[in-house]
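K.L.:
First, the structure itself, so that you have it in front of you.
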Amino acid sequence: MCRYRLFLKAFVLITGCILISTTDFFGQGNLLITPRRVVFDGSRRSIDLNLANTGSDSATYLISMIQIRMTEEGGFETITEPDPGQRFADRYIRFFPRSVTLAPNEAQVVKVQVARRGELEEGEYRSHFYFRAEELAKPLGGEDETEISDNISVRLTPVFGITIPVIIRMGDLKATVKMTDMDLTSDDNSRPVLQISFRRTGNISVYGNLQVNHISEDGVSTRVGIANGIAIYTPNTIRKFRLNLINTDGIDLTKGKLKLTYSAPSDVKPELFAEAELLLTN
């Protein structure tokens, strides 16, 4: 019987709003990118993106721009036309080079500039850089295969990609955030989970870190949750979020309260976006 092969590629798209991140760089696979967001506001016209290969092999990355819609649950969908109230930034952005090949432990700068600034109207414009790893060629017959039947085998080739937002802001832009619909539940393993809705108003996206402290009836404060890099992109007005709580051993989550703080990351202008409290009862 003739032998057939089915070749599949596994694509991984990692967004620039990874929720758990405590550094100023963003990495996937062996690629590190600094900064993890590109924001042009005021009179700033250029920004350097630093790419570094932390792996043991050389790697080539192709750089392009794509358009993304954020869902209420924080997921991302690739789109070609803007939603109402959304503006793309790609036509006003220049960058060079459009591909980089990095040896192990090598770094390179990608220059990013705002172009045609005079055509920009007041508002926020957003697109996303897409860094896609180019598949390395393997010798014929050297592929890793998984047998799934007598006549079909599968070769899975992971092709990693990273996206980070590039944002242009023009004019007097403001936003406010409220945290509502807070509820403390549990997952299938009986671990505590906090549910929150972030509600954004205004004409600008918001990006920040969430901290959750348990305040006991005696006033003792204990950090029980942290999530960095939570974004609510325009034109979205709501972001539903779930956070698994930590350090809860020995803490009575039926008493006291949870204090939530949502603020700008430390690497940008310090700003408190919102605070809220959830009273805990039996």
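By order of appearance in the structure tokens: chains A, B, ..., then residues from 1 within every chain, and ligands from 1 in the order shown.
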Using only C-alpha atoms, determine which residues lie at most 10 Å from Asn213 in chain A, disregarding the query and same-chain residues fewer than 3 positions distant; provide the list as number ranges by chain.
P.N.:
A: 216, 220-226, 245, 257-261, 277
K.L.:
For CA of Ala227 in chain A and CA of Leu210 in chain A, determine how far apart the two atoms are, in Å to one decimal place.
P.N.:
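Between these atoms lies a distance of 5.1 Å.
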K.L.:
Pick out the closest residue to Arg91 in chain A from this set: A:Leu173, A:Leu49, A:Leu62, A:Ile168. Count only C-alpha atoms.
P.N.:
A:Ile168
K.L.:
Mind checking which residues fall within 6 Å of range 197-202 of chain A, counting only C-alpha atoms, ignoring those fewer than 4 positions away in the same chain, and posting them as a list in words?
P.N.:
Lys174, Ala175, Thr176, Val177, Lys178, Met179, Thr180, Asp181, Thr237, Ile238, Arg239 and Lys240 of chain A
K.L.:
Tell me, in Å to one decimal, how far CA of Val110 in chain A is from CA of Phe96 in chain A.
P.N.:
5.7 Å
K.L.:
Can you work out which one of A:Asn30, A:Arg132, A:Ile47, A:Pro165 has the shortest atom-to-atom distance to Glu106 in chain A, counting only C-alpha atoms?
P.N.:
A:Asn30
K.L.:
Can you work out the spacing between CA of Leu194 in chain A and CA of Leu243 in chain A in Å, to one decimal?
P.N.:
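So the two atoms, CA of Leu194 in chain A and CA of Leu243 in chain A, lie 5.1 Å apart.
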K.L.:
Fewer than 2 positions away in the same chain doesn't count, so skip those; otherwise give me all residues within 7 Å of Ile232 in chain A, counting only C-alpha atoms, as a ChimeraX atom specification.
P.N.:
/A:205-207,230,234,236,239
K.L.:
Restricting the calculation to only C-alpha atoms: of A:Leu102, A:Ile164, A:Ile93, A:Ile68, which residue gets closest to Arg36 in chain A?
P.N.:
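Under the stated criterion, the closest residue is A:Ile164.
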K.L.:
Would you list the contacts of Asp48 in chain A as a PDB file with C-alpha atoms, in the first residue's frame, taking every protein, DNA or RNA residue within 10 Å and counting only C-alpha atoms, but skipping same-chain residues closer than 6 positions in sequence?
P.N.:
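The file below, around31.pdb, is the result:
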ATOM      1  CA  THR A  34      12.055  45.360  24.367  1.00  0.00           C
ATOM      2  CA  PRO A  35       9.823  47.290  24.893  1.00  0.00           C
ATOM      3  CA  VAL A  38       5.245  50.830  21.109  1.00  0.00           C
ATOM      4  CA  PHE A  95      10.027  50.283  10.269  1.00  0.00           C
ATOM      5  CA  GLN A 108      19.555  43.890  16.812  1.00  0.00           C
ATOM      6  CA  VAL A 109      17.582  47.125  16.745  1.00  0.00           C
ATOM      7  CA  VAL A 110      14.478  47.649  14.617  1.00  0.00           C
ATOM      8  CA  LYS A 111      13.824  51.330  13.919  1.00  0.00           C
ATOM      9  CA  VAL A 112      10.171  52.416  14.125  1.00  0.00           C
ATOM     10  CA  GLN A 113       9.008  55.858  12.965  1.00  0.00           C
TER      11      GLN A 113
END
